[in-house]
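Source file: protein05.cif (mmCIF, C-alpha atoms)
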data_entry
#
loop_
_atom_site.label_atom_id
_atom_site.label_comp_id
_atom_site.auth_asym_id
_atom_site.auth_seq_id
_atom_site.Cartn_x
_atom_site.Cartn_y
_atom_site.Cartn_z
CA MET A 1 87.08 62.48 73.34
CA GLU A 2 83.72 63.57 71.95
CA THR A 3 83.54 65.28 68.54
CA ASN A 4 82.26 68.52 70.11
CA GLU A 5 85.18 68.59 72.56
CA LEU A 6 87.61 68.11 69.69
CA SER A 7 85.96 70.97 67.84
CA HIS A 8 86.15 73.23 70.89
CA ASP A 9 89.82 72.40 71.48
CA ARG A 10 90.56 72.96 67.80
CA LEU A 11 89.00 76.43 67.95
CA LEU A 12 91.07 77.29 71.03
CA GLN A 13 94.29 76.19 69.36
CA THR A 14 93.38 78.01 66.15
CA VAL A 15 92.73 81.24 68.05
CA ARG A 16 95.97 80.77 70.02
CA GLU A 17 98.08 80.17 66.92
CA ARG A 18 96.57 83.13 65.10
CA ALA A 19 97.00 85.43 68.10
CA LEU A 20 100.68 84.51 68.29
CA ARG A 21 100.91 85.69 64.67
CA GLY A 22 99.10 88.91 65.58
CA ILE A 23 95.74 87.93 64.09
CA PRO A 24 92.88 88.86 66.45
CA ALA A 25 90.05 86.54 67.44
CA THR A 26 86.64 87.67 66.31
CA VAL A 27 84.08 88.58 68.96
CA ASP A 28 82.00 85.53 68.02
CA GLU A 29 85.03 83.24 68.32
CA ALA A 30 85.82 84.65 71.74
CA LEU A 31 82.23 84.16 72.90
CA SER A 32 82.34 80.55 71.69
CA LEU A 33 85.49 79.98 73.75
CA ALA A 34 83.80 81.51 76.80
CA ALA A 35 81.02 78.93 76.50
CA THR A 36 83.36 75.94 76.28
CA HIS A 37 86.47 76.71 78.37
CA THR A 38 87.16 77.81 81.91
CA PRO A 39 88.49 81.29 82.74
CA ASP A 40 91.78 79.72 83.86
CA GLU A 41 92.22 77.83 80.58
CA LEU A 42 91.64 81.00 78.61
CA ALA A 43 93.88 83.06 80.92
CA ASP A 44 96.73 80.62 80.31
CA ILE A 45 96.44 81.17 76.55
CA ALA A 46 96.08 84.92 77.03
CA ASP A 47 99.25 84.98 79.13
CA GLU A 48 101.18 83.21 76.40
CA VAL A 49 99.97 85.80 73.89
CA ARG A 50 100.79 88.65 76.29
CA SER A 51 104.30 87.33 76.83
CA HIS A 52 104.88 86.94 73.09
CA TRP A 53 103.79 90.45 72.11
CA CYS A 54 104.44 92.54 75.22
CA GLY A 55 107.25 90.72 76.99
CA ASP A 56 107.74 90.69 80.75
CA ARG A 57 108.09 94.43 81.37
CA ILE A 58 105.06 96.05 83.02
CA ASP A 59 104.20 99.26 81.17
CA THR A 60 103.53 101.67 84.04
CA CYS A 61 101.77 105.02 84.02
CA SER A 62 100.43 107.50 86.54
CA ILE A 63 97.84 110.28 86.43
CA VAL A 64 97.05 113.48 88.28
CA ASN A 65 93.66 115.17 88.40
CA ALA A 66 94.46 118.50 86.75
CA ARG A 67 90.87 119.80 86.78
CA SER A 68 88.30 118.27 89.09
CA GLY A 69 84.51 118.17 89.03
CA ARG A 70 81.75 120.34 87.55
CA CYS A 71 81.72 118.40 84.29
CA SER A 72 78.82 119.20 81.96
CA GLU A 73 78.46 115.58 80.78
CA ASP A 74 76.04 113.04 82.26
CA CYS A 75 78.14 109.83 82.22
CA LYS A 76 76.36 107.58 84.70
CA TRP A 77 79.52 106.10 86.22
CA CYS A 78 81.42 109.32 86.87
CA ALA A 79 81.92 111.13 90.19
CA GLN A 80 82.97 114.31 88.36
CA SER A 81 79.71 114.98 86.53
CA GLY A 82 78.05 118.20 87.66
CA LYS A 83 74.74 116.36 87.34
CA HIS A 84 75.60 113.97 90.19
CA ALA A 85 75.98 114.88 93.88
CA THR A 86 79.11 112.96 94.89
CA GLY A 87 80.86 115.45 97.17
CA ILE A 88 84.23 115.34 95.43
CA ASN A 89 86.80 118.11 95.68
CA GLU A 90 86.39 120.64 92.84
CA TYR A 91 88.99 122.97 91.32
CA GLU A 92 89.80 124.60 87.98
CA PHE A 93 93.56 124.10 87.63
CA ILE A 94 96.23 122.08 89.32
CA PRO A 95 99.03 124.44 90.45
CA LEU A 96 102.17 124.19 88.32
CA GLY A 97 104.29 123.26 91.33
CA GLU A 98 101.99 120.41 92.29
CA ALA A 99 101.94 118.99 88.75
CA LEU A 100 105.71 119.25 88.47
CA GLN A 101 106.23 117.61 91.87
CA ALA A 102 103.95 114.70 90.91
CA ALA A 103 105.71 114.19 87.57
CA LYS A 104 109.17 114.25 89.16
CA ALA A 105 108.10 111.86 91.93
CA ASN A 106 106.86 109.38 89.33
CA SER A 107 109.99 109.78 87.25
CA ASP A 108 112.10 109.09 90.33
CA ARG A 109 110.11 105.87 90.90
CA ASN A 110 110.80 104.71 87.33
CA VAL A 111 107.18 105.13 86.18
CA CYS A 112 107.14 105.21 82.38
CA ARG A 113 104.32 107.68 81.68
CA PHE A 114 102.60 110.61 83.37
CA SER A 115 99.30 112.25 82.42
CA LEU A 116 97.29 115.31 83.31
CA VAL A 117 93.58 114.44 83.33
CA THR A 118 90.88 117.12 83.19
CA SER A 119 87.19 116.85 83.90
CA GLY A 120 84.79 118.32 81.36
CA ARG A 121 83.74 117.75 77.79
CA LYS A 122 86.78 119.65 76.47
CA VAL A 123 89.28 122.36 77.36
CA ALA A 124 88.82 126.02 76.40
CA PRO A 125 91.53 127.46 74.10
CA ALA A 126 93.01 129.78 76.74
CA ASP A 127 93.07 126.96 79.27
CA MET A 128 94.82 124.71 76.75
CA ASP A 129 97.66 127.22 76.54
CA ARG A 130 98.03 127.03 80.32
CA PHE A 131 98.10 123.22 80.33
CA CYS A 132 100.63 123.20 77.48
CA SER A 133 102.86 125.47 79.58
CA ILE A 134 102.67 122.94 82.41
CA TYR A 135 103.66 120.15 80.02
CA ARG A 136 106.64 122.12 78.73
CA GLU A 137 107.81 122.76 82.27
CA ILE A 138 107.49 119.06 83.12
CA GLY A 139 109.41 118.17 79.96
CA ARG A 140 112.27 120.44 81.04
CA ASN A 141 112.43 119.04 84.57
CA ALA A 142 111.36 115.38 84.59
CA ASP A 143 112.51 112.37 82.59
CA ILE A 144 109.11 110.82 81.90
CA ASN A 145 106.89 110.25 78.85
CA LEU A 146 103.91 112.62 78.73
CA CYS A 147 100.26 111.75 78.15
CA ALA A 148 97.06 113.79 78.22
CA SER A 149 93.40 113.01 78.88
CA MET A 150 91.35 116.12 78.20
CA GLY A 151 88.11 115.10 76.55
CA LEU A 152 86.83 115.83 73.07
CA LEU A 153 89.50 118.23 71.82
CA SER A 154 89.76 119.79 68.39
CA LYS A 155 92.51 118.74 66.01
CA ASP A 156 94.27 122.08 66.52
CA GLN A 157 94.31 121.57 70.29
CA LEU A 158 95.71 118.07 69.87
CA VAL A 159 98.47 119.46 67.65
CA LYS A 160 99.30 121.98 70.41
CA LEU A 161 99.60 119.18 72.94
CA ARG A 162 101.92 117.27 70.64
CA GLN A 163 104.07 120.37 70.19
CA ALA A 164 104.19 120.74 73.98
CA GLY A 165 105.74 117.28 74.29
CA VAL A 166 102.72 115.03 74.77
CA SER A 167 103.31 111.74 72.95
CA ARG A 168 100.13 109.83 73.83
CA TYR A 169 96.49 110.88 74.09
CA HIS A 170 93.99 109.04 76.25
CA CYS A 171 90.31 108.93 75.30
CA ASN A 172 88.30 105.98 76.59
CA LEU A 173 85.48 104.56 74.50
CA GLU A 174 84.16 103.31 77.88
CA THR A 175 82.06 100.47 76.44
CA SER A 176 80.77 99.17 73.12
CA ALA A 177 79.14 101.50 70.62
CA ALA A 178 75.86 99.63 71.16
CA PHE A 179 75.82 100.04 74.95
CA PHE A 180 77.28 103.55 75.22
CA PRO A 181 73.95 105.46 74.72
CA LYS A 182 72.55 103.72 77.81
CA LEU A 183 75.30 105.30 79.91
CA CYS A 184 75.74 108.78 78.43
CA SER A 185 73.48 111.12 76.43
CA THR A 186 75.58 114.29 76.19
CA HIS A 187 78.18 113.01 73.74
CA THR A 188 78.56 110.00 71.48
CA HIS A 189 80.84 107.07 70.81
CA ALA A 190 81.41 108.49 67.31
CA GLN A 191 82.68 111.78 68.77
CA LYS A 192 85.20 109.86 70.82
CA LEU A 193 86.39 107.99 67.73
CA GLN A 194 86.81 111.31 65.92
CA THR A 195 88.97 112.67 68.74
CA ILE A 196 91.09 109.51 68.67
CA ALA A 197 91.54 109.82 64.90
CA TRP A 198 92.60 113.47 65.22
CA ALA A 199 95.08 112.61 67.98
CA ARG A 200 96.71 110.05 65.70
CA GLU A 201 96.79 112.58 62.83
CA ALA A 202 98.52 115.01 65.24
CA GLY A 203 101.29 112.43 65.67
CA MET A 204 100.31 110.93 69.01
CA GLU A 205 99.77 107.36 70.07
CA VAL A 206 96.35 106.67 71.57
CA CYS A 207 95.35 104.95 74.80
CA CYS A 208 91.75 103.85 74.61
CA GLY A 209 89.84 101.45 76.87
CA GLY A 210 86.88 101.51 79.17
CA ILE A 211 85.04 100.25 82.22
CA ILE A 212 83.65 96.78 82.79
CA GLY A 213 80.87 95.96 85.24
CA MET A 214 78.42 98.73 84.30
CA GLY A 215 75.64 96.32 83.33
CA GLU A 216 77.06 95.47 79.91
CA THR A 217 77.35 91.98 78.45
CA LEU A 218 80.51 90.03 77.71
CA ARG A 219 79.90 90.81 74.03
CA ASP A 220 79.98 94.53 74.86
CA ARG A 221 83.37 94.12 76.56
CA LEU A 222 84.79 92.24 73.60
CA GLU A 223 83.38 94.78 71.14
CA LEU A 224 85.02 97.51 73.22
CA ALA A 225 88.40 95.77 72.80
CA GLU A 226 87.75 95.25 69.08
CA GLN A 227 86.69 98.87 68.52
CA ALA A 228 89.67 100.24 70.48
CA ARG A 229 92.05 98.04 68.47
CA GLU A 230 90.48 99.11 65.18
CA ALA A 231 90.76 102.77 66.27
CA GLY A 232 94.53 102.29 66.53
CA ALA A 233 94.92 102.00 70.30
CA CYS A 234 98.38 100.95 71.48
CA SER A 235 97.06 100.64 75.04
CA ILE A 236 93.71 99.46 76.44
CA PRO A 237 93.09 100.39 80.08
CA VAL A 238 90.63 98.03 81.78
CA ASN A 239 88.77 99.80 84.58
CA ILE A 240 86.52 97.80 86.91
CA LEU A 241 83.48 99.73 88.07
CA GLN A 242 83.60 100.85 91.67
CA PRO A 243 80.04 102.12 92.16
CA ILE A 244 80.26 105.64 93.58
CA LYS A 245 77.59 106.99 95.89
CA GLY A 246 75.63 109.76 94.20
CA THR A 247 76.00 108.41 90.67
CA PRO A 248 73.21 106.58 88.80
CA LEU A 249 75.31 103.38 88.95
CA GLU A 250 75.82 103.48 92.74
CA GLY A 251 73.68 100.34 93.24
CA THR A 252 75.18 98.31 90.41
CA PRO A 253 76.08 94.77 91.57
CA LEU A 254 79.79 93.98 91.42
CA ILE A 255 80.82 91.52 88.72
CA SER A 256 82.60 88.43 89.98
CA GLU A 257 86.36 88.04 89.94
CA ASN A 258 86.00 84.98 87.68
CA GLU A 259 84.08 87.12 85.20
CA ILE A 260 86.86 89.72 85.29
CA ILE A 261 89.50 87.02 84.62
CA LEU A 262 87.41 85.67 81.73
CA SER A 263 86.80 89.13 80.25
CA VAL A 264 90.46 90.20 80.36
CA ALA A 265 91.65 86.92 78.84
CA LEU A 266 89.24 87.18 75.93
CA MET A 267 89.92 90.89 75.41
CA ARG A 268 93.61 89.97 75.07
CA LEU A 269 92.75 87.45 72.34
CA VAL A 270 90.64 90.07 70.53
CA ALA A 271 93.50 92.59 70.76
CA PRO A 272 96.62 90.37 70.94
CA LYS A 273 99.32 92.96 70.25
CA VAL A 274 97.97 95.83 72.34
CA ALA A 275 99.21 96.71 75.84
CA MET A 276 96.35 95.89 78.21
CA ARG A 277 96.60 97.65 81.54
CA PHE A 278 95.11 97.62 85.01
CA ALA A 279 93.34 100.90 85.72
CA GLY A 280 90.63 101.96 88.19
CA GLY A 281 88.86 99.45 90.42
CA ARG A 282 91.80 97.15 90.91
CA ALA A 283 91.91 97.79 94.65
CA ARG A 284 88.82 95.62 95.22
CA LEU A 285 90.43 92.50 93.75
CA SER A 286 91.87 89.71 95.87
CA PRO A 287 95.66 89.18 95.69
CA GLU A 288 95.03 85.84 93.94
CA THR A 289 92.90 87.43 91.21
CA THR A 290 95.39 90.27 90.74
CA ARG A 291 98.18 87.74 90.19
CA ARG A 292 96.00 85.67 87.86
CA LEU A 293 95.25 88.74 85.73
CA LEU A 294 98.95 89.60 85.52
CA LYS A 295 99.39 86.03 84.30
CA GLY A 296 96.28 86.21 82.15
CA GLY A 297 96.61 89.04 79.66
CA ILE A 298 97.51 92.20 81.60
CA SER A 299 100.79 93.81 80.48
CA GLY A 300 100.58 97.30 81.99
CA SER A 301 99.31 99.15 85.01
CA LEU A 302 98.18 102.53 86.19
CA VAL A 303 100.01 102.99 89.50
CA GLY A 304 99.40 105.32 92.42
CA ASP A 305 96.04 106.95 93.19
CA MET A 306 93.25 107.18 90.62
CA LEU A 307 91.13 110.24 89.82
CA THR A 308 88.51 110.03 92.58
CA THR A 309 89.28 106.65 94.16
CA ILE A 310 92.28 105.22 95.98
CA GLY A 311 94.73 103.14 93.97
CA ASN A 312 97.67 100.94 94.94
CA LYS A 313 100.99 101.99 96.44
CA ILE A 314 103.77 101.95 93.86
CA ASP A 315 106.18 100.04 96.13
CA ASP A 316 103.58 97.32 96.72
CA ASP A 317 103.00 97.03 92.98
CA TYR A 318 106.70 96.76 92.25
CA GLU A 319 107.10 94.02 94.87
CA LEU A 320 104.22 92.14 93.24
CA TYR A 321 105.70 92.46 89.73
CA GLU A 322 109.08 91.21 90.91
CA SER A 323 107.47 88.19 92.59
CA LEU A 324 106.02 87.22 89.19
CA GLY A 325 109.31 87.67 87.35
CA ARG A 326 108.19 90.91 85.71
CA THR A 327 110.25 94.07 85.32
CA TYR A 328 109.11 97.71 85.23
#

Go ahead and render the structure in this file as structure tokens.
Amino acid sequence: METNELSHDRLLQTVRERALRGIPATVDEALSLAATHTPDELADIADEVRSHWCGDRIDTCSIVNARSGRCSEDCKWCAQSGKHATGINEYEFIPLGEALQAAKANSDRNVCRFSLVTSGRKVAPADMDRFCSIYREIGRNADINLCASMGLLSKDQLVKLRQAGVSRYHCNLETSAAFFPKLCSTHTHAQKLQTIAWAREAGMEVCCGGIIGMGETLRDRLELAEQAREAGACSIPVNILQPIKGTPLEGTPLISENEIILSVALMRLVAPKVAMRFAGGRARLSPETTRRLLKGGISGSLVGDMLTTIGNKIDDDYELYESLGRTY
């Protein structure tokens, strides 16, 4: 074996051994591995790390669109921005009965977590009281852990959510700090980090990931995982861009499935102990790639429909998990 090959194999084993002790790979180490090993080789290591830290239970969650459209922000990927003509359904509040029915249906299907998601930069104080009332009603009637995804809230609002029974707050960083300004000009990466910090101070866990395939580099994806981990994320959702007609990214070329496998494997090595979950965009993947990702770093999944795109049927997901020896 050539000296360079020995060096490359040594780095892979070093990263593997450290990850199994909970020590993350650096972004530069992960990029070096990408240049010298196949996606399948790296996915095998990532799966070992996933199994060690997250076990074989798929951490499931589901969302409902509690306020749709007319968002003031200009995020280039998003169908809900008022600056893009995407033709989505728009409404101010989900009816209490509909939210409660969705939460109970997910609880009955053994889904672990349920979240209300609102469009918009933030939620007005009076509206927050209304959403907190919905959460309290769900807490009284459904056996399910509660999450919220409501934008750039104040610390006081986050405390109110916690008091209403919400145990986890979701605020995606979306991409690396370096790439974010190319995708959004109406708020900043730093503002997202502040919201995440306040959510943790309010006593909530944080779920914090992003979208891959928006024109970013592999380094950007790995920096996203690193920055989410450093912000204290216990969960990193990995969305795959589905270009939506009417958004500035509608013509973005799809990244390859091999690139997705590579990215997820390396993100797992950069954040070895964090739950890494399937989120939006999964429906476009082949069954083979979906199975490879579940055996290549993914330990959780958003199930059911997504915000503005169709997801996967829960029963189909459960059948898939069982075929791989995973529980839920």

Best match for closeness to A:Asp59 among A:Val111, A:Leu285, A:Leu241, A:Ala164, counting all atoms listed in the file = A:Val111

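When all atoms listed in the file are used to measure the gap to A:Ser72, the shortest distance among A:Asp47, A:Ala177, A:His170, A:Arg121 belongs to A:Arg121.
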
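Candidate residues A:Cys208, A:Val123, A:Ile236, A:Cys61 were compared for distance to A:Arg268, and the nearest is A:Ile236, using only C-alpha atoms.
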
Measuring atom to atom with only C-alpha atoms, identify which of A:Thr290, A:Ser301, A:Ser263, A:Gln242 is nearest to A:Leu42.
-> A:Ser263

Skipping near chain neighbours, those fewer than 3 positions away, what residues fall within 8 Å of stretch 297-299 of chain A using only C-alpha atoms, listed as number ranges by chain?
-> A: 43, 46-47, 49-50, 54-59, 264-265, 268, 275-278, 293-294

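Across A:Glu29, A:Glu98, A:Glu73, A:Asp44, the tightest approach to A:Arg10 is made by A:Glu29 when counting all atoms listed in the file.
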
For the interface of stretch 30-143 of chain A with stretch 209-223 of chain A (cut-off 9 Å, counting all atoms listed in the file), please tabulate each contacting residue of stretch 30-143 of chain A alongside its nearest pair of atoms and their separation in Å to one decimal, rows sorted by chain and increasing number, as CSV.
residue,atom,partner,partner_atom,distance
A:Ala30,CA,A:Leu222,CA,7.9
A:Leu31,CA,A:Arg219,CA,7.1
A:Trp77,CA,A:Met214,CA,7.7

Taking a cut-off of 10 Å and counting all atoms listed in the file, can you build a table that, for each residue of stretch 135-167 of chain A near stretch 190-204 of chain A, reports the nearest atom pair and how far apart they are in Å (one decimal), sorted by chain then residue number, as a Markdown table?
| residue | atom | partner | partner_atom | distance |
| --- | --- | --- | --- | --- |
| A:Cys147 | CA | A:Met204 | CA | 9.2 |
| A:Gly151 | CA | A:Thr195 | CA | 8.2 |
| A:Leu152 | CA | A:Thr195 | CA | 5.8 |
| A:Leu153 | CA | A:Thr195 | CA | 6.4 |
| A:Ser154 | CA | A:Thr195 | CA | 7.2 |
| A:Lys155 | CA | A:Trp198 | CA | 5.3 |
| A:Asp156 | CA | A:Ala202 | CA | 8.3 |
| A:Gln157 | CA | A:Ala199 | CA | 9.3 |
| A:Leu158 | CA | A:Ala199 | CA | 5.8 |
| A:Val159 | CA | A:Ala202 | CA | 5.1 |
| A:Lys160 | CA | A:Ala202 | CA | 8.7 |
| A:Leu161 | CA | A:Ala202 | CA | 8.8 |
| A:Arg162 | CA | A:Met204 | CA | 6.7 |
| A:Gln163 | CA | A:Ala202 | CA | 9.2 |
| A:Gly165 | CA | A:Met204 | CA | 9.9 |
| A:Val166 | CA | A:Met204 | CA | 7.5 |
| A:Ser167 | CA | A:Met204 | CA | 5.0 |

Output C-alpha atoms of each residue in that selection to a file, as a compact mmCIF listing (two decimals), in the coordinates of the input.
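Everything below was put into part_8.txt:
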# COMPACT_ATOMS: atom_id res chain seq x y z
CA CYS A 147 100.26 111.75 78.15
CA GLY A 151 88.11 115.10 76.55
CA LEU A 152 86.83 115.83 73.07
CA LEU A 153 89.50 118.23 71.82
CA SER A 154 89.76 119.79 68.39
CA LYS A 155 92.51 118.74 66.01
CA ASP A 156 94.27 122.08 66.52
CA GLN A 157 94.31 121.57 70.29
CA LEU A 158 95.71 118.07 69.87
CA VAL A 159 98.47 119.46 67.65
CA LYS A 160 99.30 121.98 70.41
CA LEU A 161 99.60 119.18 72.94
CA ARG A 162 101.92 117.27 70.64
CA GLN A 163 104.07 120.37 70.19
CA GLY A 165 105.74 117.28 74.29
CA VAL A 166 102.72 115.03 74.77
CA SER A 167 103.31 111.74 72.95

Shell around A:Asp127 at 10 Å using all atoms listed in the file, local window under 6 positions removed, as a PyMOL selection string = chain A and resi 92-93+133

Counting only C-alpha atoms, write as a VMD selection string all protein and nucleic acid residues lying at most 9 Å from (92.6, 110.7, 80.3) in the file's frame.
-> chain A and resid 63 115 to 119 147 to 151 169 to 172 207 to 208

On this structure, which residues satisfy the PyMOL selection byres ((chain A and resi 21) around 10), written as a ChimeraX atom specification?
-> /A:15-20,22-24,49,52-53,272-273

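Compared by their closest atoms to A:Thr14, and using all atoms listed in the file, the residues A:Ile94, A:Ile314, A:Val206, A:Leu269 rank with A:Leu269 nearest.
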
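Atom to atom, atom CA of A:Thr247 and atom CA of A:Cys71 stand 13.2 Å apart.
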
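A straight line drawn from atom CA of A:Arg109 to atom CA of A:Asp315 is 8.8 Å long.
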
The PyMOL selection byres ((chain A and resi 113) around 6) applied to the shown file, residues as a short mmCIF file (atom, residue, chain, number, x, y, z; two decimals) with C-alpha atoms, keeping the file's coordinate frame:
data_model
loop_
_atom_site.label_atom_id
_atom_site.label_comp_id
_atom_site.auth_asym_id
_atom_site.auth_seq_id
_atom_site.Cartn_x
_atom_site.Cartn_y
_atom_site.Cartn_z
CA CYS A 61 101.77 105.02 84.02
CA VAL A 111 107.18 105.13 86.18
CA CYS A 112 107.14 105.21 82.38
CA PHE A 114 102.60 110.61 83.37
CA ILE A 144 109.11 110.82 81.90
CA ASN A 145 106.89 110.25 78.85
CA LEU A 146 103.91 112.62 78.73
#

Expansion of the PyMOL selection byres ((chain A and resi 244) around 8) into residues, as a count of residues only = 11

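For the pair atom CA of A:Arg292 and atom CA of A:Asp108, the interatomic distance is 28.5 Å.
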